[in-house]
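Enquirer: First, the structure itself, so that you have it in front of you.
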Amino acid sequence: MAGSSHGHTPAAWTGVTIAFIGFCVSGAYMVMAQPLGFWAGMVIVVLGGVVGMVMRAMGMGQPKDAHAAYETAAVRANTTATPEPAVAKS
């Protein structure tokens, strides 16, 4: 995944950081047996996903066409086509 720049954008870092904080809050309140705090942490986790999607929509994420997996078969065939060997005429 490192070769495809997967997750190396401000949108990804921000969304994951917010979600991680939410998991930490939920985990702490789960250990303290406080259901309200646990659910508040889960709301923070969802908020991290929403923030990441909004930032991606604002152009701070990786464009979809930047990844090699989104190449079409025709483009791949044109770039990797090898010429046919010359046939001897008889």
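Numbering starts fresh at 1 for the residues of each chain in the structure tokens, the chains themselves are lettered A, B, ... in the order given, and ligands are numbered from 1 as they appear.
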Excluding A:Ala40 and any residue of its chain fewer than 3 positions from it, enumerate the residues within 9 Å of it, using only C-alpha atoms, and give them as a VMD selection string.

Expert: chain A and resid 22 25 to 26 35 to 37 43 to 45

Enquirer: Give me the residues within 12 Å of A:Thr17 as a list of chain:residue names, counting only C-alpha atoms and dropping any in the same chain fewer than 6 places off.

Expert: A:Gly7, A:Pro10, A:Ala11, A:Phe23, A:Cys24, A:Ile44, A:Val45, A:Val46, A:Leu47, A:Gly48, A:Gly49, A:Val51, A:Gly52

Enquirer: Once you have the residues from the selection above, write them out as a tab-separated table (two decimals), in the first residue's frame, restricted to N, CA and C atoms.

Expert:
```tsv
chain	number	residue	atom	x	y	z
A	7	GLY	N	-3.71	6.63	1.92
A	7	GLY	CA	-3.85	7.26	3.22
A	7	GLY	C	-2.89	8.38	3.52
A	10	PRO	N	-4.18	14.78	3.93
A	10	PRO	CA	-4.70	15.44	5.13
A	10	PRO	C	-6.06	14.91	5.55
A	11	ALA	N	-6.91	14.57	4.58
A	11	ALA	CA	-8.23	14.05	4.92
A	11	ALA	C	-8.13	12.72	5.66
A	23	PHE	N	-12.07	6.22	19.84
A	23	PHE	CA	-11.89	4.87	20.38
A	23	PHE	C	-11.25	4.92	21.77
A	24	CYS	N	-10.31	5.83	21.96
A	24	CYS	CA	-9.68	5.95	23.28
A	24	CYS	C	-10.69	6.41	24.33
A	44	ILE	N	-17.82	10.40	18.56
A	44	ILE	CA	-16.56	10.99	18.08
A	44	ILE	C	-15.97	10.14	16.96
A	45	VAL	N	-16.08	8.82	17.07
A	45	VAL	CA	-15.58	7.93	16.01
A	45	VAL	C	-16.32	8.22	14.70
A	46	VAL	N	-17.63	8.31	14.74
A	46	VAL	CA	-18.42	8.60	13.55
A	46	VAL	C	-18.08	9.98	13.02
A	47	LEU	N	-17.87	10.92	13.91
A	47	LEU	CA	-17.50	12.28	13.52
A	47	LEU	C	-16.19	12.27	12.74
A	48	GLY	N	-15.25	11.42	13.13
A	48	GLY	CA	-13.99	11.30	12.40
A	48	GLY	C	-14.21	10.87	10.96
A	49	GLY	N	-15.11	9.92	10.75
A	49	GLY	CA	-15.42	9.49	9.39
A	49	GLY	C	-16.08	10.59	8.57
A	51	VAL	N	-15.79	13.88	9.07
A	51	VAL	CA	-14.79	14.91	8.80
A	51	VAL	C	-13.87	14.47	7.66
A	52	GLY	N	-13.46	13.22	7.65
A	52	GLY	CA	-12.61	12.71	6.57
A	52	GLY	C	-13.30	12.79	5.22
```

Enquirer: From the options A:Ala19, A:Met32, A:Met42, A:Ala12, which residue's atoms come nearest to A:Gly61, counting only C-alpha atoms?

Expert: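 When distances to A:Gly61 are compared using only C-alpha atoms, the smallest one comes from A:Ala12.
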